[in-house]
$ cat run-v9.txt   # compact mmCIF, C-alpha atoms
# COMPACT_ATOMS: atom_id res chain seq x y z
CA MET A 1 0.00 0.00 0.00
CA GLU A 2 1.12 3.51 -0.82
CA ARG A 3 2.56 5.67 1.90
CA PHE A 4 2.24 9.43 2.11
CA GLU A 5 4.19 11.11 -0.66
CA SER A 6 6.64 13.83 0.24
CA LEU A 7 5.02 17.25 0.41
CA PRO A 8 5.66 19.68 -2.46
CA GLU A 9 8.00 22.52 -1.76
CA PRO A 10 5.95 25.53 -0.60
CA GLU A 11 6.41 28.96 -2.09
CA VAL A 12 8.21 31.08 0.46
CA THR A 13 9.23 34.71 0.25
CA PRO A 14 12.98 35.11 0.93
CA MET A 15 13.51 35.75 4.62
CA ASP A 16 15.07 38.78 6.16
CA ASP A 17 18.51 38.10 7.58
CA GLU A 18 19.04 39.75 10.94
CA MET A 19 22.75 38.91 10.91
CA HIS A 20 23.84 40.97 7.86
CA ASP A 21 26.29 43.83 8.19
CA GLU A 22 23.97 46.70 7.26
CA PRO A 23 23.45 49.35 9.95
CA LEU A 24 20.31 49.36 12.06
CA SER A 25 17.33 51.17 10.56
CA PRO A 26 16.14 54.41 12.24
CA LEU A 27 13.10 52.53 13.56
CA ASP A 28 15.24 49.74 15.00
CA ARG A 29 17.41 52.32 16.75
CA GLU A 30 14.30 54.01 18.15
CA LEU A 31 12.96 50.68 19.39
CA HIS A 32 16.29 49.84 21.00
CA GLU A 33 16.27 53.13 22.90
CA LEU A 34 12.88 52.27 24.35
CA ILE A 35 13.97 48.73 25.18
CA GLN A 36 17.09 49.99 26.96
CA ARG A 37 14.93 52.31 29.08
CA GLY A 38 12.74 49.34 29.96
CA LEU A 39 15.71 47.31 31.21
CA THR A 40 16.05 49.53 34.29
CA ALA A 41 12.39 50.53 34.65
CA SER A 42 9.87 49.40 37.24
CA ILE A 43 7.26 46.79 36.37
CA VAL A 44 4.61 49.46 35.77
CA GLN A 45 6.93 51.61 33.65
CA ARG A 46 8.12 48.58 31.72
CA ARG A 47 4.52 47.75 30.83
CA ILE A 48 4.00 51.29 29.52
CA ILE A 49 7.23 51.18 27.51
CA GLY A 50 6.32 47.74 26.15
CA ASN A 51 3.01 49.08 24.87
CA GLN A 52 4.82 52.00 23.21
CA ILE A 53 7.13 49.53 21.44
CA TYR A 54 4.16 47.43 20.35
CA ARG A 55 2.32 50.43 18.89
CA LYS A 56 5.38 51.73 17.04
CA ILE A 57 5.92 48.35 15.38
CA GLN A 58 2.23 48.00 14.48
CA GLN A 59 2.05 51.54 13.06
CA SER A 60 5.32 51.28 11.14
CA GLY A 61 3.83 49.32 8.26
CA LYS A 62 7.05 47.29 8.25
CA LEU A 63 5.63 44.01 9.51
CA PHE A 64 5.32 41.34 6.85
CA TYR A 65 1.74 40.79 5.73
CA ARG A 66 0.10 38.29 3.43
CA SER A 67 -3.59 37.64 2.84
CA ASP A 68 -3.73 34.21 4.41
CA PRO A 69 -6.37 32.42 6.54
CA ASP A 70 -3.64 31.56 9.05
CA TYR A 71 -2.08 35.02 9.24
CA GLU A 72 -3.88 36.08 12.41
CA ASP A 73 -2.82 32.93 14.29
CA ALA A 74 0.75 33.29 13.06
CA GLU A 75 0.82 36.94 14.15
CA ILE A 76 -0.41 36.02 17.62
CA GLU A 77 2.42 33.48 17.89
CA MET A 78 4.89 36.13 16.72
CA TRP A 79 3.82 38.61 19.41
CA ARG A 80 3.96 35.92 22.08
CA TYR A 81 7.53 35.16 20.95
CA PHE A 82 8.36 38.87 21.03
CA TRP A 83 7.04 39.52 24.54
CA ARG A 84 8.73 36.43 25.99
CA ASN A 85 12.12 37.55 24.66
CA LEU A 86 11.83 41.32 24.78
CA TRP A 87 14.05 41.99 27.79
CA GLU A 88 15.20 38.51 28.76
CA ALA A 89 16.05 35.49 26.62
CA ASP A 90 13.26 33.04 27.38
CA THR A 91 12.99 30.89 24.25
CA VAL A 92 16.04 32.22 22.37
CA GLU A 93 19.74 32.71 23.04
CA THR A 94 19.70 36.45 22.33
CA PRO A 95 16.87 38.72 23.60
CA PHE A 96 15.51 41.63 21.59
CA SER A 97 17.31 43.96 23.99
CA ASP A 98 20.63 42.97 22.40
CA ARG A 99 21.97 46.12 20.72
CA ASN A 100 22.83 44.24 17.51
CA CYS A 101 19.34 42.77 17.12
CA ARG A 102 17.49 43.87 13.99
CA ILE A 103 14.08 43.73 15.56
CA LEU A 104 11.83 44.04 12.52
CA ALA A 105 13.84 41.58 10.45
CA ARG A 106 13.73 39.09 13.31
CA LEU A 107 9.96 39.45 13.78
CA ASN A 108 9.30 39.12 10.04
CA LYS A 109 11.46 36.02 9.86
CA TYR A 110 9.59 34.41 12.75
CA LEU A 111 6.22 35.38 11.26
CA ARG A 112 7.08 33.83 7.90
CA MET A 113 8.26 30.65 9.57
CA ARG A 114 4.96 30.28 11.46
CA LEU A 115 3.03 30.83 8.22
CA LEU A 116 5.15 28.15 6.59
CA ASP A 117 4.35 25.78 9.47
CA TYR A 118 0.63 26.35 8.94
CA GLN A 119 1.01 25.86 5.20
CA LEU A 120 2.77 22.52 5.66
CA LYS A 121 0.15 21.46 8.20
CA ARG A 122 -2.63 22.19 5.72
CA GLN A 123 -0.84 20.22 3.01
CA ALA A 124 -0.41 17.25 5.35
CA GLU A 125 -4.10 17.37 6.30
CA GLN A 126 -5.05 17.47 2.62
CA LYS A 127 -2.88 14.40 2.00
CA GLN A 128 -4.62 12.60 4.83
CA ARG A 129 -8.04 13.43 3.38
CA GLU A 130 -6.93 12.08 0.01
CA GLN A 131 -5.75 8.87 1.63
CA VAL A 132 -9.16 8.14 3.14
CA ARG A 133 -11.21 9.20 0.09
CA VAL A 134 -13.08 6.25 -1.40
CA ALA A 135 -14.20 5.35 -4.89
CA ASP A 136 -17.85 4.55 -5.65
CA GLY A 137 -18.84 1.07 -4.49
CA GLU A 138 -15.51 0.33 -2.78
CA TRP A 139 -14.19 0.21 0.79
CA SER A 140 -10.73 1.73 0.69
CA ASP A 141 -7.97 1.24 3.24
CA ILE A 142 -8.70 3.41 6.27
CA ALA A 143 -5.03 3.29 7.13
CA GLU A 144 -2.00 1.27 6.14
CA SER A 145 -2.53 -0.86 9.24
CA ILE A 146 -6.06 -1.88 8.15
CA PRO A 147 -5.95 -4.23 5.15
CA ALA A 148 -8.87 -4.31 2.73
CA PRO A 149 -9.73 -8.07 2.50
CA GLN A 150 -13.10 -8.69 4.12
CA GLY A 151 -12.14 -11.93 5.87
CA CYS A 152 -9.01 -10.76 7.66
CA GLU A 153 -8.77 -10.39 11.42
CA GLU A 154 -8.29 -6.62 11.25
CA MET A 155 -11.41 -6.21 9.12
CA GLN A 156 -13.45 -8.26 11.56
CA ARG A 157 -12.22 -6.05 14.40
CA LEU A 158 -13.16 -3.01 12.35
CA ARG A 159 -16.67 -4.38 11.75
CA GLU A 160 -17.19 -4.97 15.47
CA LEU A 161 -15.91 -1.49 16.28
CA ILE A 162 -18.38 0.12 13.90
CA HIS A 163 -21.35 -1.97 15.05
CA THR A 164 -20.72 -1.74 18.81
CA ASP A 165 -19.57 1.92 18.92
CA PRO A 166 -17.84 1.45 22.32
CA THR A 167 -17.22 5.18 22.92
CA GLY A 168 -20.56 6.39 21.57
CA GLU A 169 -18.79 8.82 19.24
CA LEU A 170 -20.01 7.17 16.04
CA GLY A 171 -23.59 7.62 17.14
CA GLN A 172 -23.06 11.23 18.19
CA LEU A 173 -21.30 12.51 15.06
CA HIS A 174 -23.92 13.31 12.43
CA VAL A 175 -24.54 15.34 9.28
CA ARG A 176 -25.37 18.94 10.11
CA LYS A 177 -29.14 19.40 10.56
CA HIS A 178 -29.60 15.64 10.04
CA PRO A 179 -29.12 13.93 13.43
CA GLU A 180 -30.55 10.73 11.98
CA ILE A 181 -27.57 10.36 9.60
CA THR A 182 -24.81 9.37 12.00
CA ALA A 183 -21.24 8.26 11.40
CA GLN A 184 -22.19 4.75 12.51
CA ILE A 185 -25.04 4.49 9.99
CA LEU A 186 -22.94 5.78 7.09
CA LEU A 187 -19.95 3.59 7.95
CA ILE A 188 -22.20 0.53 8.03
CA ARG A 189 -24.15 1.28 4.89
CA ARG A 190 -21.40 2.84 2.80
CA GLY A 191 -18.28 1.29 4.28
CA LEU A 192 -19.37 -2.23 5.19
CA GLN A 193 -22.37 -2.85 2.94
CA CYS A 194 -20.96 -0.87 0.00
CA GLU A 195 -24.23 0.85 -0.85
CA GLY A 196 -23.88 3.29 -3.75
CA TRP A 197 -23.90 7.05 -3.27
CA LYS A 198 -26.87 7.48 -5.61
CA ASP A 199 -28.99 5.11 -3.54
CA LEU A 200 -27.94 6.75 -0.28
CA GLN A 201 -28.59 10.22 -1.66
CA ARG A 202 -32.07 9.26 -2.82
CA GLU A 203 -33.02 7.48 0.41
CA LEU A 204 -31.46 9.92 2.92
CA GLY A 205 -32.41 13.08 1.05
CA VAL A 206 -28.93 14.60 1.31
CA PRO A 207 -26.70 15.54 -1.68
CA HIS A 208 -23.94 13.13 -2.65
CA SER A 209 -21.27 15.80 -2.07
CA THR A 210 -22.47 16.38 1.50
CA LEU A 211 -22.53 12.66 2.27
CA ASN A 212 -19.08 12.16 0.76
CA THR A 213 -17.56 15.03 2.78
CA PHE A 214 -19.15 13.72 5.96
CA TYR A 215 -17.95 10.20 5.15
CA GLU A 216 -14.36 11.43 5.06
CA ARG A 217 -14.81 12.72 8.62
CA CYS A 218 -16.24 9.33 9.58
CA LEU A 219 -13.18 7.56 8.18
CA VAL A 220 -10.81 9.82 10.13
CA LEU A 221 -12.77 9.16 13.34
CA ILE A 222 -12.90 5.37 12.89
CA LYS A 223 -9.16 5.34 12.14
CA GLN A 224 -8.49 7.20 15.39
CA LEU A 225 -10.63 4.74 17.36
CA PHE A 226 -9.00 1.76 15.63
CA ASP A 227 -5.51 3.06 16.35
CA ALA A 228 -6.49 3.70 19.98
CA GLY A 229 -7.20 -0.01 20.39
CA TYR A 230 -10.99 -0.05 20.60
$ encode --input "run-v9.txt" --output "structure tokens"
Amino acid sequence: MERFESLPEPEVTPMDDEMHDEPLSPLDRELHELIQRGLTASIVQRRIIGNQIYRKIQQSGKLFYRSDPDYEDAEIEMWRYFWRNLWEADTVETPFSDRNCRILARLNKYLRMRLLDYQLKRQAEQKQREQVRVADGEWSDIAESIPAPQGCEEMQRLRELIHTDPTGELGQLHVRKHPEITAQILLIRRGLQCEGWKDLQRELGVPHSTLNTFYERCLVLIKQLFDAGY
């Protein structure tokens, strides 16, 4: 059986290098002055200075931006990284207070890396969905560890898992606005009994595309239960 193929190389904008020899930008120098003041400030003053730094960066228009569904999450991670290493090195070797730190370049690099992480995660999830997609009238492999032959021991265990629903999750997961169409019912009728999509669509009154999308969720759930030893 085929294993996951390697992911295609994502398109990535060249990253800023914070270690080049160019002088600090005027904004970086201004930010460093504020950070140095915060090093010897009280907790209350440090909070005020930190907010000033945050606003200057946000208003600079220098932060990397891309229209991306994951951008907001990546930006939140970037700010968490920034605050944790602003005056002390918490998750890095060199804090932002280091006088040679190119703050904006470093933030943009981190932001792009988080966006790349999300992109790779989406690609991996898409690959997983493709692996569990089934052809009409067939029961495909739910995972490499579950062979297709109907008489094998693994398939018998899978049948029992679907019919008994030991955790109750198969009976709870259902098509939106159709509580009568549960994961258990669809796995039995489509997965085990190999009923055709046209027949199911006509009888259940739900479009083929909706049933197929829901079925993919059912396959992911049953794989998780199977792998967990149920």
$ atom_distance --input "run-v9.txt" --atom1 "CA of Gln126 in chain A" --atom2 "CA of Glu195 in chain A"
25.6 Å
$ residues_around --input "run-v9.txt" --residues "Phe214 in chain A" --least-positions-apart "3" --cutoff "9 Å" --atoms "only C-alpha atoms" --output "number ranges by chain"
A: 174-175, 183, 186, 209-211, 217-219
$ atom_distance --input "run-v9.txt" --atom1 "CA of Asp90 in chain A" --atom2 "CA of Leu31 in chain A"
19.4 Å
$ residues_around --input "run-v9.txt" --residues "Glu160 in chain A" --least-positions-apart "3" --cutoff "12 Å" --atoms "all atoms listed in the file" --output "CSV table (one decimal) with C-alpha atoms, in the frame of the given file"
chain,number,residue,atom,x,y,z
A,153,GLU,CA,-8.8,-10.4,11.4
A,154,GLU,CA,-8.3,-6.6,11.2
A,155,MET,CA,-11.4,-6.2,9.1
A,156,GLN,CA,-13.4,-8.3,11.6
A,157,ARG,CA,-12.2,-6.0,14.4
A,163,HIS,CA,-21.4,-2.0,15.0
A,164,THR,CA,-20.7,-1.7,18.8
A,165,ASP,CA,-19.6,1.9,18.9
A,166,PRO,CA,-17.8,1.4,22.3
A,184,GLN,CA,-22.2,4.8,12.5
A,187,LEU,CA,-20.0,3.6,8.0
A,188,ILE,CA,-22.2,0.5,8.0
A,192,LEU,CA,-19.4,-2.2,5.2
A,222,ILE,CA,-12.9,5.4,12.9
A,225,LEU,CA,-10.6,4.7,17.4
A,226,PHE,CA,-9.0,1.8,15.6
A,230,TYR,CA,-11.0,0.0,20.6
$ closest_residue --input "run-v9.txt" --among "A:Gly168, A:Leu200, A:Glu75, A:Lys62" --to "Met113 in chain A" --atoms "all atoms listed in the file"
A:Glu75
$ residues_around --input "run-v9.txt" --residues "Glu33 in chain A" --least-positions-apart "6" --cutoff "10 Å" --atoms "only C-alpha atoms" --output "list in words"
Leu27, Ile53, Ser97 and Arg99 of chain A
$ closest_residue --input "run-v9.txt" --among "A:Gln59, A:Thr167, A:Trp87, A:Tyr54" --to "Ala41 in chain A" --atoms "all atoms listed in the file"
A:Trp87
$ atom_distance --input "run-v9.txt" --atom1 "CA of Asp227 in chain A" --atom2 "CA of Trp197 in chain A"
27.2 Å
$ closest_residue --input "run-v9.txt" --among "A:Lys198, A:Arg176, A:Lys223, A:Arg114" --to "Asp68 in chain A" --atoms "all atoms listed in the file"
A:Arg114
$ residues_near_point --input "run-v9.txt" --point "(17.4, 49.4, 20.8)" --cutoff "12 Å" --atoms "all atoms listed in the file" --output "ChimeraX atom specification"
/A:24-39,53,86-87,95-104
$ closest_residue --input "run-v9.txt" --among "A:Gln201, A:Lys177, A:Arg66, A:Arg47" --to "Leu116 in chain A" --atoms "only C-alpha atoms"
A:Arg66
$ closest_residue --input "run-v9.txt" --among "A:Ile48, A:Leu120, A:Leu170, A:Leu115" --to "Tyr65 in chain A" --atoms "only C-alpha atoms"
A:Leu115
$ build_atoms --input "run-v9.txt" --residues "range 109-120 of chain A" --atoms "all heavy atoms" --output "CSV table (one decimal), in the coordinates of the input"
chain,number,residue,atom,x,y,z
A,109,LYS,N,11.0,37.4,10.1
A,109,LYS,CA,11.5,36.0,9.9
A,109,LYS,C,10.6,35.0,10.6
A,109,LYS,O,10.2,34.0,10.1
A,109,LYS,CB,12.9,35.9,10.3
A,109,LYS,CG,13.5,34.5,10.1
A,109,LYS,CD,15.0,34.5,10.4
A,109,LYS,CE,15.6,33.1,10.2
A,109,LYS,NZ,17.1,33.1,10.5
A,110,TYR,N,10.4,35.3,11.9
A,110,TYR,CA,9.6,34.4,12.8
A,110,TYR,C,8.2,34.3,12.2
A,110,TYR,O,7.6,33.2,12.2
A,110,TYR,CB,9.6,34.9,14.2
A,110,TYR,CG,9.0,34.0,15.2
A,110,TYR,CD1,9.7,33.0,15.8
A,110,TYR,CD2,7.6,34.0,15.5
A,110,TYR,CE1,9.2,32.1,16.7
A,110,TYR,CE2,7.0,33.1,16.4
A,110,TYR,CZ,7.8,32.2,17.0
A,110,TYR,OH,7.3,31.3,17.9
A,111,LEU,N,7.6,35.4,11.8
A,111,LEU,CA,6.2,35.4,11.3
A,111,LEU,C,6.1,34.5,10.0
A,111,LEU,O,5.2,33.7,9.8
A,111,LEU,CB,5.8,36.8,11.0
A,111,LEU,CG,4.4,37.0,10.4
A,111,LEU,CD1,3.3,36.5,11.4
A,111,LEU,CD2,4.1,38.5,10.2
A,112,ARG,N,7.1,34.6,9.1
A,112,ARG,CA,7.1,33.8,7.9
A,112,ARG,C,7.2,32.4,8.2
A,112,ARG,O,6.6,31.5,7.6
A,112,ARG,CB,8.2,34.3,7.0
A,112,ARG,CG,7.9,35.6,6.3
A,112,ARG,CD,9.0,36.0,5.3
A,112,ARG,NE,8.7,37.1,4.5
A,112,ARG,CZ,9.4,38.2,4.5
A,112,ARG,NH1,10.5,38.3,5.3
A,112,ARG,NH2,9.1,39.3,3.8
A,113,MET,N,8.1,32.1,9.2
A,113,MET,CA,8.3,30.6,9.6
A,113,MET,C,7.0,30.0,10.1
A,113,MET,O,6.6,28.9,9.8
A,113,MET,CB,9.4,30.5,10.6
A,113,MET,CG,10.8,30.8,10.0
A,113,MET,SD,11.2,29.6,8.7
A,113,MET,CE,11.2,28.0,9.7
A,114,ARG,N,6.2,30.8,10.9
A,114,ARG,CA,5.0,30.3,11.5
A,114,ARG,C,4.0,30.1,10.3
A,114,ARG,O,3.2,29.1,10.3
A,114,ARG,CB,4.4,31.2,12.5
A,114,ARG,CG,5.3,31.4,13.7
A,114,ARG,CD,5.4,30.2,14.6
A,114,ARG,NE,6.3,29.1,14.0
A,114,ARG,CZ,7.6,29.2,14.0
A,114,ARG,NH1,8.2,30.2,14.4
A,114,ARG,NH2,8.3,28.1,13.4
A,115,LEU,N,3.9,31.0,9.4
A,115,LEU,CA,3.0,30.8,8.2
A,115,LEU,C,3.4,29.6,7.4
A,115,LEU,O,2.5,28.9,6.9
A,115,LEU,CB,3.1,32.1,7.3
A,115,LEU,CG,2.3,33.3,7.9
A,115,LEU,CD1,2.7,34.5,7.0
A,115,LEU,CD2,0.8,33.1,7.8
A,116,LEU,N,4.7,29.3,7.3
A,116,LEU,CA,5.2,28.2,6.6
A,116,LEU,C,4.7,26.9,7.3
A,116,LEU,O,4.3,25.9,6.7
A,116,LEU,CB,6.7,28.2,6.4
A,116,LEU,CG,7.3,26.9,5.8
A,116,LEU,CD1,6.8,26.7,4.4
A,116,LEU,CD2,8.8,27.1,5.8
A,117,ASP,N,4.8,26.9,8.7
A,117,ASP,CA,4.4,25.8,9.5
A,117,ASP,C,2.9,25.5,9.2
A,117,ASP,O,2.5,24.3,9.0
A,117,ASP,CB,4.5,26.1,11.0
A,117,ASP,CG,6.0,26.1,11.4
A,117,ASP,OD1,6.8,25.5,10.6
A,117,ASP,OD2,6.3,26.6,12.5
A,118,TYR,N,2.1,26.5,9.2
A,118,TYR,CA,0.6,26.4,8.9
A,118,TYR,C,0.4,25.8,7.5
A,118,TYR,O,-0.5,25.0,7.3
A,118,TYR,CB,-0.1,27.7,9.1
A,118,TYR,CG,-0.4,28.0,10.6
A,118,TYR,CD1,0.2,29.1,11.2
A,118,TYR,CD2,-1.2,27.2,11.4
A,118,TYR,CE1,0.0,29.4,12.5
A,118,TYR,CE2,-1.5,27.6,12.7
A,118,TYR,CZ,-0.8,28.7,13.3
A,118,TYR,OH,-1.1,29.0,14.6
A,119,GLN,N,1.2,26.3,6.6
A,119,GLN,CA,1.0,25.9,5.2
A,119,GLN,C,1.3,24.4,5.1
A,119,GLN,O,0.6,23.6,4.4
A,119,GLN,CB,1.9,26.7,4.3
A,119,GLN,CG,1.8,26.3,2.8
A,119,GLN,CD,2.7,27.1,1.9
A,119,GLN,OE1,3.3,28.1,2.4
A,119,GLN,NE2,2.9,26.7,0.7
A,120,LEU,N,2.4,23.9,5.7
A,120,LEU,CA,2.8,22.5,5.7
A,120,LEU,C,1.7,21.7,6.4
A,120,LEU,O,1.4,20.5,5.9
A,120,LEU,CB,4.1,22.3,6.3
A,120,LEU,CG,5.3,22.9,5.5
A,120,LEU,CD1,6.6,22.8,6.3
A,120,LEU,CD2,5.5,22.3,4.2
